[in-house]
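Raw data.cif, mmCIF, C-alpha atoms:
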```cif
data_my_file
loop_
_atom_site.label_atom_id
_atom_site.label_comp_id
_atom_site.auth_asym_id
_atom_site.auth_seq_id
_atom_site.Cartn_x
_atom_site.Cartn_y
_atom_site.Cartn_z
CA MET A 214 13.65 6.13 -23.14
CA VAL A 215 13.43 2.74 -24.82
CA SER A 216 16.54 2.29 -26.95
CA ALA A 217 17.14 0.02 -29.96
CA ALA A 218 19.27 -2.79 -28.46
CA ARG A 219 18.10 -3.54 -25.00
CA PRO A 220 19.37 -5.86 -22.30
CA SER A 221 17.12 -8.58 -20.95
CA ARG A 222 15.45 -8.62 -17.55
CA SER A 223 17.86 -11.44 -16.65
CA ASP A 224 20.83 -9.19 -17.41
CA TYR A 225 19.62 -6.63 -14.92
CA TYR A 226 18.59 -9.23 -12.34
CA ARG A 227 22.06 -10.78 -12.47
CA VAL A 228 23.49 -7.40 -11.54
CA LEU A 229 20.86 -6.83 -8.88
CA ALA A 230 21.53 -10.19 -7.24
CA GLY A 231 25.20 -9.29 -7.02
CA CYS A 232 24.83 -5.83 -5.59
CA LEU A 233 21.80 -5.93 -3.32
CA PRO A 234 22.39 -3.73 -0.29
CA LYS A 235 22.86 -5.55 3.00
CA GLU A 236 19.54 -6.49 4.62
CA ALA A 237 17.63 -5.40 1.53
CA LEU A 238 13.95 -6.23 1.18
CA VAL A 239 12.79 -6.84 -2.39
CA VAL A 240 9.27 -6.41 -3.73
CA THR A 241 8.61 -7.65 -7.24
CA ALA A 242 5.62 -6.93 -9.46
CA LEU A 243 3.41 -9.51 -11.14
CA GLY A 244 4.53 -11.90 -13.87
CA ASN A 245 8.16 -12.48 -14.73
CA ALA A 246 9.24 -9.66 -12.45
CA SER A 247 8.42 -12.09 -9.63
CA TYR A 248 8.83 -15.46 -11.37
CA LEU A 249 12.29 -14.72 -12.75
CA TRP A 250 13.52 -13.12 -9.53
CA ALA A 251 12.38 -16.21 -7.61
CA ALA A 252 14.24 -18.39 -10.13
CA MET A 253 17.43 -16.35 -9.91
CA HIS A 254 17.55 -15.18 -6.31
CA HIS A 255 14.89 -16.67 -4.08
CA ALA A 256 15.13 -15.44 -0.49
CA PRO A 257 12.73 -15.03 2.42
CA GLU A 258 13.23 -11.27 2.14
CA ASN A 259 11.50 -11.30 -1.26
CA PHE A 260 7.85 -10.34 -1.43
CA TYR A 261 6.43 -11.68 -4.68
CA MET A 262 3.32 -9.95 -5.97
CA GLU A 263 0.89 -11.74 -8.23
CA ASP A 264 -1.76 -9.92 -10.18
CA ALA A 265 -2.58 -6.65 -8.33
CA MET A 266 -1.04 -4.82 -11.27
CA GLY A 267 0.34 -1.41 -10.42
CA LEU A 268 0.36 -2.01 -6.69
CA ALA A 269 3.94 -3.20 -6.16
CA LEU A 270 5.24 0.37 -5.96
CA PRO A 271 2.74 1.63 -3.36
CA LEU A 272 3.12 -1.59 -1.35
CA ALA A 273 6.89 -1.07 -1.33
CA LEU A 274 6.34 2.50 -0.20
CA GLY A 275 4.34 1.29 2.79
CA LEU A 276 7.04 -1.25 3.56
CA ALA A 277 9.75 1.41 3.36
CA ILE A 278 7.78 3.57 5.80
CA ALA A 279 7.37 0.68 8.24
CA GLN A 280 11.00 -0.45 7.95
CA PRO A 281 12.97 2.81 7.69
CA THR A 282 16.32 1.25 8.59
CA ARG A 283 16.24 -1.41 5.87
CA PRO A 284 16.79 -0.79 2.16
CA VAL A 285 13.68 -1.59 0.12
CA VAL A 286 14.03 -2.36 -3.59
CA VAL A 287 10.94 -2.65 -5.76
CA VAL A 288 10.79 -3.92 -9.33
CA GLU A 289 7.83 -2.44 -11.15
CA GLY A 290 6.95 -2.40 -14.85
CA ASP A 291 6.23 0.56 -17.08
CA GLY A 292 2.71 -0.68 -17.82
CA ALA A 293 2.02 -1.30 -14.14
CA LEU A 294 3.27 2.17 -13.29
CA MET A 295 0.84 3.69 -15.76
CA MET A 296 -2.03 1.99 -13.97
CA HIS A 297 -1.19 3.81 -10.75
CA MET A 298 0.95 6.75 -11.74
CA GLY A 299 -0.25 8.61 -8.69
CA ALA A 300 1.95 6.35 -6.59
CA LEU A 301 4.97 8.18 -8.00
CA VAL A 302 3.57 11.41 -6.61
CA THR A 303 3.07 9.82 -3.19
CA VAL A 304 6.61 8.44 -3.24
CA GLY A 305 7.86 11.92 -4.11
CA ALA A 306 5.88 13.44 -1.25
CA VAL A 307 6.88 10.86 1.37
CA ALA A 308 10.48 10.78 0.10
CA PRO A 309 11.68 7.61 1.82
CA ALA A 310 15.48 7.55 1.55
CA ASN A 311 15.52 3.75 1.90
CA LEU A 312 13.42 3.09 -1.22
CA THR A 313 14.94 2.22 -4.61
CA VAL A 314 12.46 1.88 -7.48
CA LEU A 315 13.58 -0.16 -10.49
CA LEU A 316 11.25 0.48 -13.41
CA ILE A 317 11.46 -2.12 -16.14
CA GLN A 318 10.74 -0.15 -19.30
CA ASN A 319 10.09 -2.70 -22.02
CA GLY A 320 7.40 -0.78 -23.81
CA VAL A 321 4.72 -3.46 -23.55
CA HIS A 322 2.45 -5.19 -21.07
CA ALA A 323 4.73 -8.23 -20.93
CA ALA A 324 2.72 -10.05 -18.27
CA SER A 325 -0.38 -10.00 -20.44
CA GLY A 326 1.32 -11.27 -23.58
CA GLY A 327 3.11 -8.23 -24.89
CA GLN A 328 0.18 -5.99 -25.64
CA ALA A 329 1.00 -2.41 -26.52
CA LEU A 330 1.23 0.24 -23.85
CA THR A 331 -0.85 3.38 -24.09
CA ASN A 332 2.43 5.25 -24.59
CA SER A 333 5.65 3.26 -24.76
CA GLY A 334 7.98 6.19 -25.33
CA LEU A 335 7.59 8.20 -22.15
CA ASP A 336 10.65 9.49 -20.38
CA LEU A 337 9.83 7.84 -17.06
CA ALA A 338 12.83 9.34 -15.27
CA GLU A 339 11.64 12.80 -16.23
CA LEU A 340 8.16 11.84 -15.09
CA ALA A 341 9.54 10.70 -11.73
CA ARG A 342 11.46 13.94 -11.33
CA SER A 343 8.30 15.88 -12.07
CA ALA A 344 6.60 13.84 -9.36
CA GLY A 345 9.14 15.08 -6.84
CA ILE A 346 11.73 12.30 -6.98
CA ALA A 347 14.95 14.16 -7.68
CA GLN A 348 17.10 11.05 -7.98
CA ALA A 349 15.61 9.55 -11.14
CA GLU A 350 17.68 8.35 -14.07
CA ASN A 351 17.31 6.34 -17.26
CA VAL A 352 19.65 3.35 -17.50
CA ALA A 353 20.41 1.49 -20.73
CA THR A 354 22.99 -1.16 -19.82
CA PRO A 355 23.64 -3.65 -16.99
CA GLU A 356 27.04 -2.04 -16.50
CA ALA A 357 25.48 1.36 -15.95
CA PHE A 358 22.94 -0.24 -13.62
CA ALA A 359 25.74 -1.86 -11.60
CA SER A 360 27.51 1.46 -11.34
CA LYS A 361 24.36 3.25 -10.16
CA MET A 362 23.60 0.57 -7.58
CA SER A 363 27.11 0.57 -6.16
CA ASN A 364 27.34 4.35 -6.07
CA PRO A 365 24.12 5.65 -4.63
CA SER A 366 23.58 9.32 -5.25
CA PRO A 367 23.87 11.54 -2.24
CA GLY A 368 20.78 13.33 -1.11
CA GLY A 369 17.51 12.41 0.48
CA GLY A 370 14.40 10.81 -0.86
CA ALA A 371 13.66 7.77 -2.91
CA ARG A 372 15.59 6.79 -6.00
CA VAL A 373 14.22 5.70 -9.37
CA LEU A 374 16.23 3.84 -12.00
CA VAL A 375 14.45 3.27 -15.29
CA LEU A 376 15.90 0.14 -16.91
CA SER A 377 15.52 -0.03 -20.68
CA THR A 378 14.69 -3.71 -21.21
CA GLU A 379 13.83 -6.16 -23.96
CA PRO A 380 10.33 -7.61 -23.41
CA ASP A 381 10.19 -11.14 -22.01
CA ILE A 382 6.88 -12.67 -22.98
CA ASP A 383 7.48 -16.35 -22.21
CA VAL A 384 6.47 -17.10 -18.65
CA VAL A 385 9.29 -18.28 -16.40
CA ARG A 386 8.40 -21.20 -14.15
CA PRO A 387 9.27 -20.27 -10.57
CA PRO A 388 11.13 -22.90 -8.53
CA ILE A 389 8.95 -22.41 -5.46
CA ALA A 390 5.26 -22.43 -4.65
CA PHE A 391 3.69 -19.02 -5.13
CA ASP A 392 1.27 -19.25 -2.25
CA PRO A 393 0.40 -15.68 -1.26
CA VAL A 394 -0.07 -16.29 2.45
CA LEU A 395 3.11 -18.37 2.60
CA THR A 396 4.97 -15.58 0.81
CA LYS A 397 3.70 -13.07 3.35
CA GLN A 398 4.38 -15.21 6.42
CA ARG A 399 7.88 -16.15 5.21
CA PHE A 400 8.68 -12.50 4.58
CA MET A 401 7.35 -11.31 7.94
CA SER A 402 9.21 -14.06 9.78
CA ALA A 403 12.43 -13.02 8.06
CA LEU A 404 11.85 -9.45 9.22
CA ASP A 405 11.12 -10.59 12.75
CA VAL A 406 8.31 -8.08 13.00
CA PRO A 407 6.02 -8.06 16.02
CA ARG A 408 3.13 -10.48 15.75
CA TYR A 409 -0.47 -10.01 16.77
CA VAL A 410 -1.36 -11.76 20.00
CA PRO A 411 -5.06 -12.73 20.14
CA THR A 412 -7.25 -11.24 22.84
CA MET A 413 -7.88 -14.76 24.19
CA PHE A 414 -4.28 -14.77 25.38
CA GLY A 415 -4.49 -11.32 26.90
CA GLY A 416 -3.16 -9.63 23.78
CA GLY A 417 -5.04 -7.54 21.28
CA ARG A 418 -1.77 -5.86 20.31
CA LEU A 419 1.29 -6.43 18.17
CA GLU A 420 4.05 -7.78 20.37
CA HIS A 421 7.63 -8.89 19.89
CA GLU A 422 8.31 -12.50 20.77
CA MET B 14 -34.04 23.09 20.42
CA MET B 15 -30.43 22.40 21.24
CA ASP B 16 -29.78 19.99 24.10
CA LEU B 17 -26.83 21.70 25.78
CA GLY B 18 -26.67 19.19 28.62
CA LYS B 19 -26.26 16.30 26.18
CA GLN B 20 -23.59 18.15 24.22
CA ALA B 21 -21.65 18.89 27.37
CA THR B 22 -21.55 15.28 28.52
CA ASP B 23 -21.30 13.29 25.28
CA PRO B 24 -17.75 12.38 24.39
CA HIS B 25 -16.35 13.83 21.19
CA ARG B 26 -16.54 10.83 18.90
CA PRO B 27 -13.73 11.74 16.48
CA SER B 28 -11.43 12.27 19.49
CA GLU B 29 -12.44 8.82 20.69
CA ILE B 30 -11.45 7.33 17.35
CA LEU B 31 -8.04 8.95 17.47
CA ASP B 32 -7.50 8.03 21.12
CA THR B 33 -8.41 4.41 20.37
CA LEU B 34 -5.94 4.19 17.48
CA LYS B 35 -3.21 5.57 19.73
CA ARG B 36 -4.07 3.21 22.57
CA LEU B 37 -4.03 0.19 20.25
CA GLY B 38 -0.61 1.10 18.90
CA PHE B 39 -1.49 2.08 15.36
CA GLY B 40 1.64 3.50 13.78
CA VAL B 41 0.53 4.39 10.27
CA ALA B 42 -2.64 5.90 8.80
CA ILE B 43 -3.19 6.11 5.05
CA ALA B 44 -5.80 8.54 3.80
CA VAL B 45 -7.60 9.83 0.75
CA PRO B 46 -9.62 13.01 1.35
CA ASP B 47 -13.30 13.39 2.12
CA SER B 48 -14.79 16.54 3.63
CA TRP B 49 -15.82 14.69 6.80
CA LEU B 50 -12.26 13.39 7.24
CA GLY B 51 -10.42 16.68 6.78
CA GLU B 52 -9.86 17.69 10.38
CA ILE B 53 -9.22 14.28 11.92
CA LEU B 54 -6.43 13.84 9.36
CA VAL B 55 -4.92 17.15 10.44
CA ARG B 56 -5.08 15.95 14.05
CA ILE B 57 -3.40 12.67 13.13
CA GLU B 58 -0.69 14.61 11.34
CA ARG B 59 0.13 16.31 14.65
CA GLU B 60 0.59 12.99 16.44
CA SER B 61 4.16 11.89 17.02
CA ASP B 62 3.39 8.17 17.10
CA ILE B 63 1.18 7.89 14.01
CA ARG B 64 2.55 8.56 10.54
CA LEU B 65 -0.07 9.95 8.17
CA VAL B 66 0.36 9.25 4.45
CA ARG B 67 -1.86 11.11 2.02
CA ALA B 68 -2.36 8.91 -1.04
CA THR B 69 -3.67 9.92 -4.45
CA HIS B 70 -6.18 7.09 -4.89
CA GLU B 71 -7.85 4.57 -2.60
CA GLU B 72 -6.49 1.46 -4.33
CA GLU B 73 -3.02 2.93 -4.02
CA ALA B 74 -3.78 3.70 -0.36
CA LEU B 75 -4.80 0.08 0.14
CA ALA B 76 -1.47 -1.15 -1.24
CA ILE B 77 0.50 1.29 0.93
CA ALA B 78 -1.44 0.03 3.93
CA CYS B 79 -0.66 -3.59 3.02
CA GLY B 80 3.02 -2.71 2.74
CA ALA B 81 3.08 -0.97 6.09
CA ARG B 82 1.36 -3.92 7.77
CA LEU B 83 3.76 -6.29 6.00
CA GLY B 84 6.51 -4.27 7.65
CA GLY B 85 5.04 -4.99 11.07
CA VAL B 86 3.15 -1.78 11.79
CA ARG B 87 -0.52 -1.68 12.68
CA THR B 88 -2.19 0.35 9.96
CA ALA B 89 -5.50 2.15 9.51
CA MET B 90 -7.06 3.64 6.42
CA PHE B 91 -9.31 6.68 6.23
CA VAL B 92 -11.35 6.80 3.03
CA GLN B 93 -14.79 7.70 1.76
CA ASN B 94 -17.11 4.92 0.60
CA ALA B 95 -16.38 6.02 -2.97
CA GLY B 96 -12.92 4.66 -2.27
CA LEU B 97 -14.29 1.28 -1.29
CA LEU B 98 -16.02 1.16 -4.66
CA SER B 99 -12.87 2.07 -6.57
CA MET B 100 -10.44 -0.27 -4.82
CA GLY B 101 -12.21 -3.53 -5.58
CA ALA B 102 -9.52 -5.24 -7.64
CA GLY B 103 -6.76 -4.43 -5.16
CA MET B 104 -9.01 -5.57 -2.34
CA VAL B 105 -9.52 -9.06 -3.72
CA CYS B 106 -6.15 -9.54 -5.48
CA LEU B 107 -3.92 -8.12 -2.78
CA ALA B 108 -5.45 -7.36 0.61
CA GLN B 109 -7.78 -10.35 0.78
CA ARG B 110 -5.67 -12.80 -1.21
CA TYR B 111 -2.61 -12.19 0.96
CA GLN B 112 -4.78 -11.86 4.08
CA PHE B 113 -3.65 -8.47 5.32
CA PRO B 114 -5.33 -7.30 8.53
CA LEU B 115 -6.31 -3.69 7.93
CA LEU B 116 -8.68 -1.35 9.74
CA MET B 117 -10.64 0.74 7.26
CA LEU B 118 -12.43 3.74 8.72
CA VAL B 119 -14.91 4.85 6.11
CA SER B 120 -16.97 8.01 5.88
CA TYR B 121 -20.32 6.61 4.78
CA ARG B 122 -21.76 9.15 2.40
CA GLY B 123 -25.07 9.12 0.56
CA THR B 124 -27.20 7.37 3.17
CA VAL B 125 -30.59 8.63 4.28
CA GLU B 126 -28.72 10.68 6.89
CA ASP B 127 -26.55 12.26 4.19
CA PRO B 128 -28.88 12.72 1.26
CA VAL B 129 -26.53 14.73 -0.93
CA PHE B 130 -27.59 14.17 -4.51
CA TYR B 131 -24.19 13.18 -5.80
CA HIS B 132 -23.35 10.97 -2.83
CA VAL B 133 -26.62 9.00 -2.93
CA PRO B 134 -25.58 6.73 -5.83
CA LYS B 135 -22.55 5.63 -3.80
CA GLY B 136 -24.50 5.18 -0.60
CA ARG B 137 -27.07 3.06 -2.39
CA VAL B 138 -24.57 0.47 -3.59
CA THR B 139 -21.90 0.50 -0.89
CA GLU B 140 -23.14 -2.35 1.30
CA PRO B 141 -24.17 -4.60 -1.62
CA VAL B 142 -20.69 -4.12 -3.11
CA LEU B 143 -19.01 -4.93 0.20
CA LYS B 144 -21.08 -8.09 0.43
CA GLY B 145 -20.16 -8.94 -3.15
CA LEU B 146 -16.48 -8.50 -2.37
CA GLY B 147 -16.79 -10.61 0.74
CA LEU B 148 -15.37 -7.69 2.70
CA ASP B 149 -16.26 -7.83 6.38
CA TYR B 150 -17.83 -4.62 7.64
CA ALA B 151 -20.08 -3.05 10.24
CA ARG B 152 -22.05 0.14 10.37
CA ALA B 153 -21.11 2.16 13.45
CA ASP B 154 -23.92 2.50 16.00
CA ARG B 155 -24.32 6.13 17.04
CA SER B 156 -26.14 5.14 20.23
CA ARG B 157 -22.99 3.50 21.59
CA PRO B 158 -19.51 4.91 22.23
CA ILE B 159 -17.40 4.80 19.10
CA GLY B 160 -14.08 3.86 20.71
CA PRO B 161 -15.04 0.26 21.55
CA GLN B 162 -16.53 -0.14 18.08
CA VAL B 163 -13.23 0.92 16.51
CA GLU B 164 -11.37 -1.47 18.80
CA ALA B 165 -13.72 -4.33 17.90
CA ALA B 166 -13.23 -3.63 14.19
CA ALA B 167 -9.44 -3.52 14.59
CA THR B 168 -9.50 -6.73 16.61
CA PHE B 169 -11.66 -8.48 14.04
CA ALA B 170 -9.23 -7.51 11.27
CA GLU B 171 -6.28 -8.98 13.15
CA GLU B 172 -7.95 -12.11 14.49
CA ALA B 173 -9.50 -12.94 11.11
CA SER B 174 -6.44 -11.77 9.09
CA CYS B 175 -8.49 -9.63 6.74
CA PRO B 176 -9.43 -6.05 6.01
CA PHE B 177 -12.43 -4.78 7.97
CA ALA B 178 -14.47 -1.69 7.09
CA LEU B 179 -16.23 0.33 9.78
CA LEU B 180 -18.79 2.61 8.14
CA LEU B 181 -18.95 5.94 9.97
CA SER B 182 -21.50 8.73 10.09
CA ARG B 183 -20.69 12.42 10.14
CA GLU B 184 -21.01 12.57 13.93
CA ASP B 185 -18.53 9.75 14.30
CA VAL B 186 -15.70 11.18 12.29
CA GLN B 187 -16.11 14.86 11.44
CA TRP B 188 -14.08 16.75 14.04
#
```
Would you mind writing the file out in structure tokens?
Amino acid sequence: MVSAARPSRSDYYRVLAGCLPKEALVVTALGNASYLWAAMHHAPENFYMEDAMGLALPLALGLAIAQPTRPVVVVEGDGALMMHMGALVTVGAVAPANLTVLLIQNGVHAASGGQALTNSGLDLAELARSAGIAQAENVATPEAFASKMSNPSPGGGARVLVLSTEPDIDVVRPPIAFDPVLTKQRFMSALDVPRYVPTMFGGGRLEHE
Amino acid sequence: MMDLGKQATDPHRPSEILDTLKRLGFGVAIAVPDSWLGEILVRIERESDIRLVRATHEEEALAIACGARLGGVRTAMFVQNAGLLSMGAGMVCLAQRYQFPLLMLVSYRGTVEDPVFYHVPKGRVTEPVLKGLGLDYARADRSRPIGPQVEAAATFAEEASCPFALLLSREDVQW
């Protein structure tokens, strides 16, 4: 639930930068979720989403399926989640143990100027549990967030941490170019995934270098 | 009158689709239900080398597919053409903008060959909408084997770094 005195997104990101699991892949939603993370912890293993509201969570699910040995962390907003709440159900059904979902609950559509949510008071952890994600908790402080991140709950399936957060309306200027194809290529190079070899070179398949 | 000789010799087109995906190394399939797709999805679920994910909505399915391809796995989608209509924003803002190669196998409902009253409105607008989105597509030719058409669509997606929709008839995809 959204509490009275809330930490900032920066407060949580500072903790996240310090306790990212080894070899973690990070997917961030549109707006400051991406811009601020790029400013605080740019890395090739970050996949920055722009626009495509509500699609960071399902994209991270696909990534977690494709990369089952690497931890995947996704930062999604409460408003974005409401646009594609079904994705929670799919995450619950697929139950990828390598996926950690950080839901920024600031009660507004921050990326569109702070407009009101349809319902800002939902218990999103309870919602996630109802969607089949047993490990879902509300978090109100950076200290509690640090504790949760350093002590992962036992048990299978994805994990959801709902971070009660003060809205950040002012747009953060990212220190890097947000070119979508560059973001994708940089990320895939960092993963060292197989690349498609054109048919002209006798390929037509994905192959490792 | 039923042509038994033709039935006995014609390959089973849905089997050809599945065999082609396996041969090309597809590792993930994301699906949203349509009655024509029901059985082929069950068959995919039995495959050890292809992971089937049942999504709740086609735009969500599109994002899952982008994520799987981002993770280095060749990925196909199975959706009805209604899903193409409802995933437009994700198509342009995510799949096309980030240039994700995706094979979309689409049950093409509401054409003159499938004149179901509630499907017709979707069939009528599907191709104009695809053109409007700038989404590359082809309508499968039932006079030719379906396997090579699936392979060509998959190859186009990869070589052009974009999603590609292959529009399928009942005979192509219903098991």
task: Kindly resolve the PyMOL selection byres ((chain A) within 6 of (chain B)) on the present coordinates and return the residues as a PyMOL selection string.
output: chain A and resi 265+268+271-273+275-276+279-280+299+303+393-394+406-407
Determine, for each residue of region 296-327 of chain A having at least one atom at most 10 Å from an atom of region 243-257 of chain A, the closest pair of atoms and their separation in Å to one decimal, counting all atoms listed in the file; order by chain and ascending number, as JSON lines.
```
{"residue": "A:Ile317", "atom": "CA", "partner": "A:Ala246", "partner_atom": "CA", "distance": 8.7}
{"residue": "A:Ala323", "atom": "CA", "partner": "A:Gly244", "partner_atom": "CA", "distance": 8.0}
{"residue": "A:Ala324", "atom": "CA", "partner": "A:Gly244", "partner_atom": "CA", "distance": 5.1}
{"residue": "A:Ser325", "atom": "CA", "partner": "A:Gly244", "partner_atom": "CA", "distance": 8.4}
```
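Here CA of Asp383 (chain A) stands at a distance of 28.5 Å from CA of Lys361 (chain A).
Atom pair CA of Asn351 (chain A) / CA of Glu289 (chain A): separated by 14.3 Å.
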field: Counting all atoms listed in the file, the option among A:Met266, A:Ala310, A:Ala293, A:Ile382 closest to Ile278 (chain A)
entry: A:Ala310
Atom pair CA of Pro281 (chain A) / CA of Ala341 (chain A): separation (Å): 21.2 Å
message: Applying the PyMOL selection byres ((chain B and resi 127-136) around 9) to the file I just gave you, which residues come out? Please list them as a PyMOL selection string.
response: chain B and resi 94-95+98+121-126+137-140+182-183
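With the shown file loaded, the PyMOL selection byres ((chain A and resi 362) around 9) picks out Val228, Leu229, Cys232, Leu233, Pro234, Ala357, Phe358, Ala359, Ser360, Lys361, Ser363, Asn364 and Pro365 of chain A.
If you measure from each of B:Val119, B:Leu34, B:Met90, B:Leu180 to Ser48 (chain B) using only C-alpha atoms, the closest one turns out to be B:Val119.
Checking A:Met295, A:Leu238, A:Met262, A:Leu312 one by one against Met401 (chain A), counting all atoms listed in the file, you find the shortest gap at A:Leu238.
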query: Using all atoms listed in the file, which residues sit within 12 Å of Lys235 (chain A) once same-chain residues fewer than 2 positions away are excluded, as number ranges by chain?
result: A: 230-233, 237-239, 258, 282-286, 311, 363
Model the absent atoms of region 117-138 of chain B so that N, CA and C atoms are present, and write the result as a compact mmCIF listing (two decimals), in the frame of the given file.
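Wrote result-v8.txt, looks like this:
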```
# COMPACT_ATOMS: atom_id res chain seq x y z
N MET B 117 -10.21 -0.29 8.21
CA MET B 117 -10.64 0.74 7.26
C MET B 117 -11.74 1.56 7.90
N LEU B 118 -11.46 2.83 8.13
CA LEU B 118 -12.43 3.74 8.72
C LEU B 118 -13.01 4.58 7.59
N VAL B 119 -14.30 4.39 7.36
CA VAL B 119 -14.91 4.85 6.11
C VAL B 119 -16.00 5.88 6.39
N SER B 120 -15.87 7.05 5.80
CA SER B 120 -16.97 8.01 5.88
C SER B 120 -18.07 7.52 4.93
N TYR B 121 -19.24 7.27 5.52
CA TYR B 121 -20.32 6.61 4.78
C TYR B 121 -21.27 7.67 4.24
N ARG B 122 -21.01 8.08 3.02
CA ARG B 122 -21.76 9.15 2.40
C ARG B 122 -22.93 8.61 1.57
N GLY B 123 -23.94 9.46 1.44
CA GLY B 123 -25.07 9.12 0.56
C GLY B 123 -26.11 8.22 1.17
N THR B 124 -26.13 8.13 2.52
CA THR B 124 -27.20 7.37 3.17
C THR B 124 -28.39 8.30 3.39
N VAL B 125 -29.42 7.79 4.03
CA VAL B 125 -30.59 8.63 4.28
C VAL B 125 -30.23 9.77 5.24
N GLU B 126 -29.16 9.60 6.00
CA GLU B 126 -28.72 10.68 6.89
C GLU B 126 -27.81 11.68 6.18
N ASP B 127 -27.46 11.39 4.97
CA ASP B 127 -26.55 12.26 4.19
C ASP B 127 -27.04 12.30 2.75
N PRO B 128 -28.24 12.82 2.59
CA PRO B 128 -28.88 12.72 1.26
C PRO B 128 -28.39 13.78 0.28
N VAL B 129 -27.10 13.81 0.05
CA VAL B 129 -26.53 14.73 -0.93
C VAL B 129 -26.66 14.07 -2.30
N PHE B 130 -27.18 14.82 -3.25
CA PHE B 130 -27.59 14.17 -4.51
C PHE B 130 -26.48 13.39 -5.19
N TYR B 131 -25.25 13.91 -5.11
CA TYR B 131 -24.19 13.18 -5.80
C TYR B 131 -23.56 12.07 -4.96
N HIS B 132 -23.85 12.07 -3.66
CA HIS B 132 -23.35 10.97 -2.83
C HIS B 132 -24.32 9.77 -2.83
N VAL B 133 -25.61 10.06 -3.04
CA VAL B 133 -26.62 9.00 -2.93
C VAL B 133 -26.31 7.78 -3.80
N PRO B 134 -25.86 7.94 -5.04
CA PRO B 134 -25.58 6.73 -5.83
C PRO B 134 -24.54 5.84 -5.18
N LYS B 135 -23.58 6.43 -4.48
CA LYS B 135 -22.55 5.63 -3.80
C LYS B 135 -23.13 4.97 -2.55
N GLY B 136 -23.91 5.74 -1.81
CA GLY B 136 -24.50 5.18 -0.60
C GLY B 136 -25.40 4.00 -0.90
N ARG B 137 -26.12 4.12 -2.02
CA ARG B 137 -27.07 3.06 -2.39
C ARG B 137 -26.39 1.71 -2.61
N VAL B 138 -25.19 1.74 -3.19
CA VAL B 138 -24.57 0.47 -3.59
C VAL B 138 -23.45 0.01 -2.66
```
